[in-house]
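Listing of structure28.pdb, PDB, C-alpha atoms
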ATOM      1  CA  MET A   1      70.983  15.390  17.785
ATOM      2  CA  GLY A   2      70.338  12.447  15.493
ATOM      3  CA  ILE A   3      66.992  10.795  15.110
ATOM      4  CA  GLY A   4      66.702   7.675  17.227
ATOM      5  CA  ARG A   5      65.379   4.351  15.998
ATOM      6  CA  LYS A   6      62.164   4.708  18.005
ATOM      7  CA  ASP A   7      61.500   8.151  16.562
ATOM      8  CA  GLU A   8      62.142   6.793  13.068
ATOM      9  CA  GLU A   9      59.656   3.951  13.646
ATOM     10  CA  ASP A  10      57.058   6.390  14.970
ATOM     11  CA  PHE A  11      57.547   8.591  11.925
ATOM     12  CA  CYS A  12      57.116   5.606   9.589
ATOM     13  CA  MET A  13      53.984   4.450  11.400
ATOM     14  CA  ALA A  14      52.558   7.961  11.248
ATOM     15  CA  ALA A  15      53.245   8.100   7.522
ATOM     16  CA  ILE A  16      51.618   4.690   6.999
ATOM     17  CA  ASN A  17      48.562   5.679   9.045
ATOM     18  CA  TYR A  18      48.274   8.910   7.058
ATOM     19  CA  ARG A  19      48.374   6.999   3.787
ATOM     20  CA  ARG A  20      45.798   4.525   5.050
ATOM     21  CA  LYS A  21      43.505   7.324   6.189
ATOM     22  CA  LYS A  22      43.921   9.136   2.885
ATOM     23  CA  HIS A  23      43.223   5.924   0.995
ATOM     24  CA  LYS A  24      40.106   5.262   3.113
ATOM     25  CA  ASP A  25      38.854   8.788   2.518
ATOM     26  CA  TYR A  26      39.411   8.344  -1.202
ATOM     27  CA  ASP A  27      37.562   4.998  -1.219
ATOM     28  CA  ARG A  28      34.729   6.496   0.814
ATOM     29  CA  LEU A  29      34.431   9.384  -1.646
ATOM     30  CA  ILE A  30      34.322   7.006  -4.635
ATOM     31  CA  PHE A  31      31.723   4.807  -2.915
ATOM     32  CA  SER A  32      29.618   7.830  -2.004
ATOM     33  CA  LEU A  33      29.701   9.146  -5.582
ATOM     34  CA  VAL A  34      28.837   5.761  -7.105
ATOM     35  CA  SER A  35      26.040   5.035  -4.592
ATOM     36  CA  HIS A  36      24.508   8.483  -5.018
ATOM     37  CA  LEU A  37      24.661   8.154  -8.795
ATOM     38  CA  ALA A  38      22.995   4.735  -8.608
ATOM     39  CA  LEU A  39      20.262   6.101  -6.329
ATOM     40  CA  ILE A  40      19.661   9.031  -8.682
ATOM     41  CA  VAL A  41      19.301   6.663 -11.648
ATOM     42  CA  LEU A  42      16.943   4.349  -9.727
ATOM     43  CA  SER A  43      14.885   7.296  -8.480
ATOM     44  CA  ALA A  44      14.575   8.633 -12.021
ATOM     45  CA  ALA A  45      13.538   5.188 -13.242
ATOM     46  CA  CYS A  46      10.799   5.137 -10.571
ATOM     47  CA  LEU A  47       9.648   8.712 -11.150
ATOM     48  CA  LEU A  48       9.572   8.648 -14.955
ATOM     49  CA  PRO A  49       6.479   6.390 -15.155
ATOM     50  CA  PHE A  50       4.588   8.747 -12.824
ATOM     51  CA  TRP A  51       5.631  11.715 -14.908
ATOM     52  CA  LEU A  52       4.586   9.854 -18.073
ATOM     53  CA  VAL A  53       1.144   9.218 -16.551
ATOM     54  CA  ILE A  54       0.714  12.878 -15.590
ATOM     55  CA  SER A  55       1.942  14.072 -18.983
ATOM     56  CA  GLY A  56      -0.329  11.669 -20.845
ATOM     57  CA  SER A  57      -3.358  12.768 -18.851
ATOM     58  CA  PHE A  58      -2.860  16.307 -20.198
ATOM     59  CA  SER A  59      -2.358  15.169 -23.799
ATOM     60  CA  ASP A  60      -4.772  15.208 -26.711
ATOM     61  CA  GLN A  61      -6.367  11.919 -27.802
ATOM     62  CA  GLN A  62      -5.191  12.166 -31.415
ATOM     63  CA  SER A  63      -1.688  13.131 -30.330
ATOM     64  CA  ILE A  64      -1.403   9.957 -28.240
ATOM     65  CA  LEU A  65      -2.752   7.783 -31.072
ATOM     66  CA  LEU A  66      -0.295   9.271 -33.580
ATOM     67  CA  ASN A  67       2.826   9.824 -31.460
ATOM     68  CA  GLY A  68       2.340   7.579 -28.448
ATOM     69  CA  TYR A  69       2.902   8.661 -24.860
ATOM     70  CA  GLN A  70       5.366  11.513 -24.458
ATOM     71  CA  LEU A  71       7.170  12.918 -21.417
ATOM     72  CA  ILE A  72       6.086  16.387 -22.563
ATOM     73  CA  PRO A  73       2.635  16.692 -24.182
ATOM     74  CA  LYS A  74       2.859  17.596 -27.867
ATOM     75  CA  GLN A  75      -0.734  18.773 -27.839
ATOM     76  CA  PHE A  76      -1.856  20.017 -24.429
ATOM     77  CA  SER A  77      -5.473  19.205 -23.607
ATOM     78  CA  LEU A  78      -7.778  19.120 -20.576
ATOM     79  CA  ASP A  79     -10.435  17.009 -22.307
ATOM     80  CA  ALA A  80      -9.833  13.985 -20.089
ATOM     81  CA  TYR A  81     -10.302  15.916 -16.845
ATOM     82  CA  GLN A  82     -13.287  17.814 -18.258
ATOM     83  CA  MET A  83     -14.908  14.482 -19.123
ATOM     84  CA  LEU A  84     -14.271  13.049 -15.660
ATOM     85  CA  PHE A  85     -15.519  16.191 -13.893
ATOM     86  CA  ARG A  86     -18.527  16.612 -16.181
ATOM     87  CA  ILE A  87     -20.730  15.358 -13.332
ATOM     88  CA  PRO A  88     -18.780  16.549 -10.267
ATOM     89  CA  GLU A  89     -21.512  15.456  -7.838
ATOM     90  CA  GLU A  90     -21.051  11.786  -8.732
ATOM     91  CA  LEU A  91     -17.263  12.018  -8.565
ATOM     92  CA  ILE A  92     -17.385  13.731  -5.168
ATOM     93  CA  SER A  93     -19.872  11.117  -3.954
ATOM     94  CA  ALA A  94     -17.568   8.313  -5.137
ATOM     95  CA  TYR A  95     -14.639   9.975  -3.362
ATOM     96  CA  GLY A  96     -16.715  10.247  -0.193
ATOM     97  CA  VAL A  97     -17.708   6.567  -0.310
ATOM     98  CA  THR A  98     -14.095   5.504  -0.854
ATOM     99  CA  ILE A  99     -12.807   7.699   1.969
ATOM    100  CA  LEU A 100     -15.525   6.427   4.325
ATOM    101  CA  VAL A 101     -14.878   2.791   3.424
ATOM    102  CA  THR A 102     -11.099   3.251   3.705
ATOM    103  CA  VAL A 103     -11.220   4.989   7.091
ATOM    104  CA  VAL A 104     -13.775   2.646   8.674
ATOM    105  CA  GLY A 105     -12.296  -0.485   7.087
ATOM    106  CA  THR A 106      -8.731   0.409   8.052
ATOM    107  CA  GLY A 107      -9.729   1.179  11.642
ATOM    108  CA  LEU A 108     -11.749  -2.012  12.074
ATOM    109  CA  GLY A 109      -9.180  -4.058  10.180
ATOM    110  CA  LEU A 110      -6.346  -2.826  12.375
ATOM    111  CA  LEU A 111      -8.361  -3.490  15.534
ATOM    112  CA  VAL A 112      -9.332  -7.037  14.589
ATOM    113  CA  THR A 113      -5.944  -7.899  13.072
ATOM    114  CA  SER A 114      -3.981  -6.537  16.033
ATOM    115  CA  MET A 115      -6.204  -8.343  18.554
ATOM    116  CA  ALA A 116      -5.817 -11.639  16.716
ATOM    117  CA  SER A 117      -2.065 -11.058  16.382
ATOM    118  CA  TYR A 118      -1.736 -10.334  20.104
ATOM    119  CA  VAL A 119      -3.559 -13.542  21.005
ATOM    120  CA  LEU A 120      -1.523 -15.669  18.595
ATOM    121  CA  ALA A 121       1.732 -14.121  19.819
ATOM    122  CA  ASN A 122       0.852 -14.664  23.496
ATOM    123  CA  LYS A 123       2.593 -17.708  24.947
ATOM    124  CA  ASN A 124      -0.179 -18.100  27.517
ATOM    125  CA  PHE A 125      -2.576 -19.126  24.761
ATOM    126  CA  ARG A 126      -2.155 -22.903  24.561
ATOM    127  CA  TYR A 127      -3.641 -23.397  21.082
ATOM    128  CA  ARG A 128      -1.879 -20.540  19.312
ATOM    129  CA  TYR A 129      -0.105 -22.833  16.832
ATOM    130  CA  GLN A 130      -3.273 -24.687  15.903
ATOM    131  CA  VAL A 131      -5.208 -21.443  15.376
ATOM    132  CA  SER A 132      -2.317 -19.961  13.384
ATOM    133  CA  PHE A 133      -2.376 -23.013  11.126
ATOM    134  CA  PHE A 134      -6.146 -22.568  10.692
ATOM    135  CA  PHE A 135      -5.625 -18.997   9.488
ATOM    136  CA  TYR A 136      -2.786 -20.050   7.199
ATOM    137  CA  PHE A 137      -4.748 -22.999   5.762
ATOM    138  CA  THR A 138      -7.789 -20.893   4.907
ATOM    139  CA  SER A 139      -5.567 -18.373   3.126
ATOM    140  CA  ILE A 140      -4.425 -21.110   0.714
ATOM    141  CA  PHE A 141      -7.660 -23.037   0.171
ATOM    142  CA  GLY A 142     -11.012 -21.304  -0.308
ATOM    143  CA  GLY A 143     -14.529 -22.440  -1.066
ATOM    144  CA  GLY A 144     -14.646 -20.757  -4.461
ATOM    145  CA  LEU A 145     -16.278 -17.604  -5.799
ATOM    146  CA  VAL A 146     -19.832 -18.932  -6.226
ATOM    147  CA  PRO A 147     -20.280 -20.291  -2.651
ATOM    148  CA  TRP A 148     -18.635 -17.154  -1.281
ATOM    149  CA  TYR A 149     -20.981 -14.919  -3.268
ATOM    150  CA  ILE A 150     -24.077 -16.909  -2.246
ATOM    151  CA  PHE A 151     -23.021 -16.824   1.398
ATOM    152  CA  ASN A 152     -22.504 -13.049   1.350
ATOM    153  CA  THR A 153     -25.723 -12.214  -0.501
ATOM    154  CA  LYS A 154     -28.205 -14.831   0.712
ATOM    155  CA  TYR A 155     -27.163 -15.279   4.338
ATOM    156  CA  LEU A 156     -25.268 -12.096   5.254
ATOM    157  CA  ARG A 157     -27.484  -9.789   3.130
ATOM    158  CA  PHE A 158     -24.596  -7.810   1.692
ATOM    159  CA  HIS A 159     -26.339  -7.121  -1.618
ATOM    160  CA  ASN A 160     -26.594  -3.353  -2.327
ATOM    161  CA  ASN A 161     -25.162  -2.593   1.096
ATOM    162  CA  ILE A 162     -22.101  -0.524   1.909
ATOM    163  CA  ILE A 163     -21.066  -3.225   4.397
ATOM    164  CA  ALA A 164     -20.217  -5.339   1.344
ATOM    165  CA  LEU A 165     -17.335  -2.950   0.660
ATOM    166  CA  ILE A 166     -15.890  -3.362   4.175
ATOM    167  CA  LEU A 167     -16.394  -6.785   5.756
ATOM    168  CA  PRO A 168     -15.327  -9.170   2.935
ATOM    169  CA  ILE A 169     -11.735  -7.861   2.991
ATOM    170  CA  LEU A 170     -11.600  -6.853   6.650
ATOM    171  CA  VAL A 171      -8.877  -9.351   7.666
ATOM    172  CA  ASN A 172      -5.927 -10.390   5.538
ATOM    173  CA  VAL A 173      -3.980 -13.387   6.825
ATOM    174  CA  THR A 174      -0.669 -12.126   5.455
ATOM    175  CA  TYR A 175      -0.970  -8.865   7.379
ATOM    176  CA  LEU A 176      -2.052 -10.793  10.472
ATOM    177  CA  LEU A 177       1.093 -12.930  10.360
ATOM    178  CA  ILE A 178       3.293  -9.870   9.816
ATOM    179  CA  LEU A 179       1.803  -8.130  12.854
ATOM    180  CA  LYS A 180       1.989 -11.331  14.888
ATOM    181  CA  SER A 181       5.721 -11.601  14.110
ATOM    182  CA  TYR A 182       6.157  -7.972  15.147
ATOM    183  CA  MET A 183       4.386  -8.502  18.478
ATOM    184  CA  MET A 184       6.503 -11.585  19.149
ATOM    185  CA  SER A 185       9.558  -9.295  19.111
ATOM    186  CA  ILE A 186       8.242  -7.480  22.218
ATOM    187  CA  PRO A 187      10.069  -8.805  25.333
ATOM    188  CA  GLU A 188       7.938 -11.299  27.230
ATOM    189  CA  SER A 189       9.164  -9.808  30.527
ATOM    190  CA  LEU A 190       7.028  -6.708  29.896
ATOM    191  CA  TYR A 191       3.903  -8.839  29.699
ATOM    192  CA  GLU A 192       4.883 -10.836  32.794
ATOM    193  CA  SER A 193       5.515  -7.661  34.809
ATOM    194  CA  ALA A 194       2.107  -6.324  33.863
ATOM    195  CA  TYR A 195       0.409  -9.598  34.807
ATOM    196  CA  LEU A 196       2.203  -9.575  38.169
ATOM    197  CA  ASP A 197       0.873  -6.062  38.793
ATOM    198  CA  GLY A 198      -2.661  -7.331  38.278
ATOM    199  CA  ALA A 199      -3.229  -6.179  34.694
ATOM    200  CA  GLY A 200      -5.575  -8.170  32.494
ATOM    201  CA  ASP A 201      -5.204  -9.023  28.819
ATOM    202  CA  LEU A 202      -7.110  -5.950  27.654
ATOM    203  CA  VAL A 203      -4.882  -3.652  29.719
ATOM    204  CA  VAL A 204      -1.727  -5.376  28.450
ATOM    205  CA  TYR A 205      -3.023  -5.181  24.883
ATOM    206  CA  PHE A 206      -3.922  -1.489  24.964
ATOM    207  CA  LYS A 207      -1.170  -0.240  27.301
ATOM    208  CA  ILE A 208       1.818  -2.347  26.194
ATOM    209  CA  ALA A 209       1.285  -4.257  22.952
ATOM    210  CA  LEU A 210      -0.231  -1.455  20.877
ATOM    211  CA  PRO A 211       2.129   1.388  21.933
ATOM    212  CA  LEU A 212       5.174  -0.807  21.258
ATOM    213  CA  SER A 213       3.829  -1.903  17.857
ATOM    214  CA  LYS A 214       3.426   1.503  16.227
ATOM    215  CA  ALA A 215       5.756   0.679  13.329
ATOM    216  CA  GLY A 216       4.012  -2.608  12.629
ATOM    217  CA  LEU A 217       0.565  -1.027  12.962
ATOM    218  CA  ALA A 218       1.501   1.779  10.565
ATOM    219  CA  THR A 219       2.811  -0.732   8.018
ATOM    220  CA  VAL A 220      -0.200  -3.031   8.191
ATOM    221  CA  GLY A 221      -2.525  -0.026   8.311
ATOM    222  CA  LEU A 222      -1.051   1.272   5.054
ATOM    223  CA  PHE A 223      -1.486  -2.139   3.423
ATOM    224  CA  ILE A 224      -5.109  -2.367   4.575
ATOM    225  CA  ALA A 225      -5.849   1.195   3.462
ATOM    226  CA  LEU A 226      -4.415   0.452   0.021
ATOM    227  CA  ASN A 227      -6.624  -2.621  -0.260
ATOM    228  CA  TYR A 228      -9.746  -0.624   0.526
ATOM    229  CA  TRP A 229      -8.769   2.354  -1.606
ATOM    230  CA  ASN A 230      -8.080   0.231  -4.705
ATOM    231  CA  ASP A 231     -10.955  -2.214  -4.283
ATOM    232  CA  TRP A 232     -13.567  -2.240  -7.051
ATOM    233  CA  TYR A 233     -14.221  -5.972  -7.318
ATOM    234  CA  ASN A 234     -16.630  -6.178  -4.376
ATOM    235  CA  ALA A 235     -18.568  -3.197  -5.704
ATOM    236  CA  MET A 236     -18.916  -4.972  -9.046
ATOM    237  CA  LEU A 237     -20.210  -8.125  -7.332
ATOM    238  CA  PHE A 238     -22.603  -6.672  -4.770
ATOM    239  CA  LEU A 239     -23.838  -3.302  -6.104
ATOM    240  CA  ASP A 240     -26.477  -2.845  -8.805
ATOM    241  CA  GLU A 241     -26.631  -0.077 -11.387
ATOM    242  CA  GLY A 242     -29.450   1.559  -9.412
ATOM    243  CA  ARG A 243     -27.234   2.113  -6.357
ATOM    244  CA  ARG A 244     -24.710   4.453  -7.964
ATOM    245  CA  GLU A 245     -24.567   6.504  -4.766
ATOM    246  CA  LEU A 246     -22.686   3.581  -3.186
ATOM    247  CA  TYR A 247     -20.107   3.299  -5.964
ATOM    248  CA  PRO A 248     -16.524   3.713  -4.677
ATOM    249  CA  LEU A 249     -14.079   5.793  -6.673
ATOM    250  CA  GLN A 250     -12.292   2.934  -8.440
ATOM    251  CA  TYR A 251     -15.504   1.291  -9.634
ATOM    252  CA  TYR A 252     -17.008   4.616 -10.673
ATOM    253  CA  LEU A 253     -13.944   5.491 -12.788
ATOM    254  CA  ASN A 254     -13.843   1.987 -14.231
ATOM    255  CA  ASN A 255     -17.480   2.335 -15.327
ATOM    256  CA  ILE A 256     -16.746   5.623 -17.080
ATOM    257  CA  LEU A 257     -13.768   4.139 -18.931
ATOM    258  CA  THR A 258     -15.669   0.988 -19.907
ATOM    259  CA  LYS A 259     -18.540   2.994 -21.347
ATOM    260  CA  ALA A 260     -16.159   5.319 -23.205
ATOM    261  CA  GLN A 261     -14.372   2.376 -24.787
ATOM    262  CA  ALA A 262     -17.701   0.797 -25.722
ATOM    263  CA  ILE A 263     -18.802   4.011 -27.457
ATOM    264  CA  ASN A 264     -15.551   4.228 -29.419
ATOM    265  CA  ALA A 265     -15.739   0.559 -30.392
ATOM    266  CA  ALA A 266     -19.359   0.899 -31.555
ATOM    267  CA  ALA A 267     -18.484   3.967 -33.609
ATOM    268  CA  ALA A 268     -15.573   2.166 -35.267
ATOM    269  CA  ARG A 269     -17.641  -0.926 -36.137
ATOM    270  CA  SER A 270     -20.521   1.093 -37.568
ATOM    271  CA  GLY A 271     -18.238   2.972 -39.952
ATOM    272  CA  ILE A 272     -19.196   6.407 -38.650
ATOM    273  CA  ALA A 273     -16.754   8.982 -37.342
ATOM    274  CA  ALA A 274     -14.961   7.993 -34.171
ATOM    275  CA  SER A 275     -16.308   9.334 -30.929
ATOM    276  CA  ASP A 276     -14.788  12.405 -29.324
ATOM    277  CA  VAL A 277     -14.421  10.592 -25.990
ATOM    278  CA  PRO A 278     -10.697  10.851 -25.031
ATOM    279  CA  SER A 279     -10.403   7.278 -23.783
ATOM    280  CA  GLU A 280      -6.582   7.114 -23.775
ATOM    281  CA  PRO A 281      -5.957  10.307 -21.759
ATOM    282  CA  MET A 282      -8.871   9.334 -19.505
ATOM    283  CA  LYS A 283      -7.061   6.177 -18.402
ATOM    284  CA  LEU A 284      -4.125   8.239 -17.195
ATOM    285  CA  ALA A 285      -6.286  10.990 -15.700
ATOM    286  CA  MET A 286      -8.157   8.323 -13.731
ATOM    287  CA  THR A 287      -4.837   7.018 -12.429
ATOM    288  CA  VAL A 288      -3.842  10.512 -11.268
ATOM    289  CA  ILE A 289      -7.180  11.076  -9.531
ATOM    290  CA  ALA A 290      -7.229   7.651  -7.881
ATOM    291  CA  THR A 291      -3.617   7.472  -6.675
ATOM    292  CA  GLY A 292      -3.069  11.100  -5.670
ATOM    293  CA  PRO A 293      -4.208  10.850  -2.022
ATOM    294  CA  ILE A 294      -2.268   7.628  -1.387
ATOM    295  CA  VAL A 295       0.918   9.081  -2.886
ATOM    296  CA  LEU A 296       0.577  12.106  -0.598
ATOM    297  CA  LEU A 297      -0.055   9.897   2.449
ATOM    298  CA  TYR A 298       2.884   7.524   1.983
ATOM    299  CA  PRO A 299       5.746   9.933   2.932
ATOM    300  CA  PHE A 300       4.247  10.371   6.418
ATOM    301  CA  LEU A 301       4.295   6.591   7.013
ATOM    302  CA  GLN A 302       7.559   5.740   5.257
ATOM    303  CA  LYS A 303       9.742   5.589   8.374
ATOM    304  CA  TYR A 304       7.310   3.159  10.022
ATOM    305  CA  PHE A 305       6.776   1.234   6.785
ATOM    306  CA  VAL A 306      10.417   0.189   6.290
ATOM    307  CA  LYS A 307      10.903  -0.805   9.926
ATOM    308  CA  GLY A 308       7.643  -2.724  10.127
ATOM    309  CA  VAL A 309       8.245  -4.748   6.972
ATOM    310  CA  THR A 310      11.824  -5.561   8.014
ATOM    311  CA  ILE A 311      10.918  -6.822  11.468
ATOM    312  CA  GLY A 312       7.910  -8.727  10.191
ATOM    313  CA  ALA A 313      10.076 -10.431   7.581
ATOM    314  CA  VAL A 314      12.882 -11.725   9.836
ATOM    315  CA  LYS A 315      10.959 -12.850  12.901
ATOM    316  CA  GLY A 316       9.494 -16.384  12.840
TER     317      GLY A 316
END

Here is the file; what I need is its structure written in the form of structure tokens.
Amino acid sequence: MGIGRKDEEDFCMAAINYRRKKHKDYDRLIFSLVSHLALIVLSAACLLPFWLVISGSFSDQQSILLNGYQLIPKQFSLDAYQMLFRIPEELISAYGVTILVTVVGTGLGLLVTSMASYVLANKNFRYRYQVSFFFYFTSIFGGGLVPWYIFNTKYLRFHNNIIALILPILVNVTYLLILKSYMMSIPESLYESAYLDGAGDLVVYFKIALPLSKAGLATVGLFIALNYWNDWYNAMLFLDEGRRELYPLQYYLNNILTKAQAINAAAARSGIAASDVPSEPMKLAMTVIATGPIVLLYPFLQKYFVKGVTIGAVKG
């Protein structure tokens, strides 16, 4: 029997569909290879600086001065870490202060920021736009450093007090607006149903708003924790030399580096032999010590971080 016209058309269509599918598979393979290659290159570009920091922290001072920073140490040395851990009690104390300030500050900051965000995102609050503008306005215009310092030391008594490391940076307006935008994405019908069932604002806040804002809370919480972990400026302003037990990690390491550089500079100006303080490797060793815990924490919050930033960026 001969092949009919319909069978011939079906055969042609099948051949065309096969070619299209094969072409799509080929394009998908090329795209996958190119995208993976691009991601590998970008990942290497991001990881190389970290590796350079770690490698430099284990390098000898003279090797860095002569050859610069190398991906593989030419002269392996632990002098930088031995210098930093020469007084382990002070370093452990500084770590403890930083951890305490970060945990307490992040918890309080999240509580206050989320409460303010919930109120500003609630349509039942008549003056939410005016209050939002007040927050935004004060984030652009400030009273200046001197009035702020006098207010904190003379009236709030923050001088030589660990509270000075927590309260001055407790609320960040940018994070507040991000979390407010996230809470505005929660359907209003959920709030209305809770109100109809007799729930108050505190119940709605704790039972509905917070559980549905986990991604936003994790994102803002990471931002706040980073602020507290990296803060040294408030310690410089409010803590005296006699209160070294209150020094956070960043300020403690900065003091060590500053003194090491001063010793080297004095030795160079006086014409005597340069000091044995490994100031260059110490900078990198300090970076490793200070950023290690945050780098280890970030992978656990990454899935929330991306989602929280995305939603906070596109909602008005």

Exercise for the section: With a distance cut-off of 10 Å and all atoms listed in the file, select the neighbouring residues of Leu237 of chain A, excluding the residue or stretch itself and same-chain residues fewer than 3 positions from it, and output the selection as a list in words. Expected result: Tyr149, Thr153, His159, Asn160, Ala164, Leu165, Trp232, Tyr233, Asn234 and Asp240 of chain A

Okay, now the selection with C-alpha atoms, as a compact mmCIF listing (two decimals), in the coordinates of the input?
# COMPACT_ATOMS: atom_id res chain seq x y z
CA TYR A 149 -20.98 -14.92 -3.27
CA THR A 153 -25.72 -12.21 -0.50
CA HIS A 159 -26.34 -7.12 -1.62
CA ASN A 160 -26.59 -3.35 -2.33
CA ALA A 164 -20.22 -5.34 1.34
CA LEU A 165 -17.34 -2.95 0.66
CA TRP A 232 -13.57 -2.24 -7.05
CA TYR A 233 -14.22 -5.97 -7.32
CA ASN A 234 -16.63 -6.18 -4.38
CA ASP A 240 -26.48 -2.84 -8.80

Practice task
Step by step, work through what the PyMOL selection byres ((chain A and resi 201-203) around 12) selects in the shown file, and finish by giving those residues as number ranges by chain.
Solution key: A: 115, 118-119, 122, 124-125, 191-192, 194-200, 204-211

Exercise for the section: Translate the PyMOL selection byres ((chain A and resi 73-82) around 9), as applied to the file shown, into an explicit residue set as an MDAnalysis selection string. Expected result: chainID A and resid 55:64 67 69:72 83:86 277:286

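Between Pro49 of chain A and the candidates A:Val288, A:Leu145, A:Leu297, A:Ile169, the tightest atom-to-atom separation, counting only C-alpha atoms, involves A:Val288.
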
Exercise for the section: May I have the residues within 9 Å of Ile163 of chain A as number ranges by chain, using all atoms listed in the file and disregarding those fewer than 5 positions away in the same chain? Expected result: A: 101, 158, 168

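Picked out by the PyMOL selection byres ((chain A and resi 173) around 8) when it runs on this file: A:Phe135, A:Tyr136, A:Ser139, A:Val171, A:Asn172, A:Thr174, A:Tyr175, A:Leu176, A:Leu177.
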
Output the selection as a PDB file, in the coordinates of the input - C-alpha atoms for each residue.
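The resulting file, part_22.pdb, is shown below:
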ATOM      1  CA  PHE A 135      -5.625 -18.997   9.488  1.00  0.00           C
ATOM      2  CA  TYR A 136      -2.786 -20.050   7.199  1.00  0.00           C
ATOM      3  CA  SER A 139      -5.567 -18.373   3.126  1.00  0.00           C
ATOM      4  CA  VAL A 171      -8.877  -9.351   7.666  1.00  0.00           C
ATOM      5  CA  ASN A 172      -5.927 -10.390   5.538  1.00  0.00           C
ATOM      6  CA  THR A 174      -0.669 -12.126   5.455  1.00  0.00           C
ATOM      7  CA  TYR A 175      -0.970  -8.865   7.379  1.00  0.00           C
ATOM      8  CA  LEU A 176      -2.052 -10.793  10.472  1.00  0.00           C
ATOM      9  CA  LEU A 177       1.093 -12.930  10.360  1.00  0.00           C
TER      10      LEU A 177
END

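Among the candidates A:Ile99, A:Val104, A:Ile54, A:Leu33, the one nearest to Ile166 of chain A when counting only C-alpha atoms is A:Val104.
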
Report the centre and edge lengths, in Å to one decimal, of an axis-aligned box enclosing every atom of segment 157-162 of chain A listed in the file, padded by 5 Å on each side, as lines of an AutoDock Vina configuration file.
center_x = -24.8
center_y = -5.2
center_z = 0.4
size_x = 15.4
size_y = 19.3
size_z = 15.5

Exercise for the section: Find the residue from A:Leu65, A:Ile162, A:Leu167, A:Leu37 that sits nearest to Gly107 of chain A; use all atoms listed in the file when measuring. Expected result: A:Leu167

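Atom pair atom CA of Tyr247 of chain A / atom CA of Leu91 of chain A: separated by 9.5 Å.
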
Problem - Interatomic distance, atom CA of Thr102 of chain A to atom CA of Lys214 of chain A (Å, one decimal) - result: 19.3 Å

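Between Gly109 of chain A and the residues A:Tyr26, A:Tyr228, A:Phe137, A:Trp51, the shortest atom-to-atom distance, using all atoms listed in the file, involves A:Tyr228.
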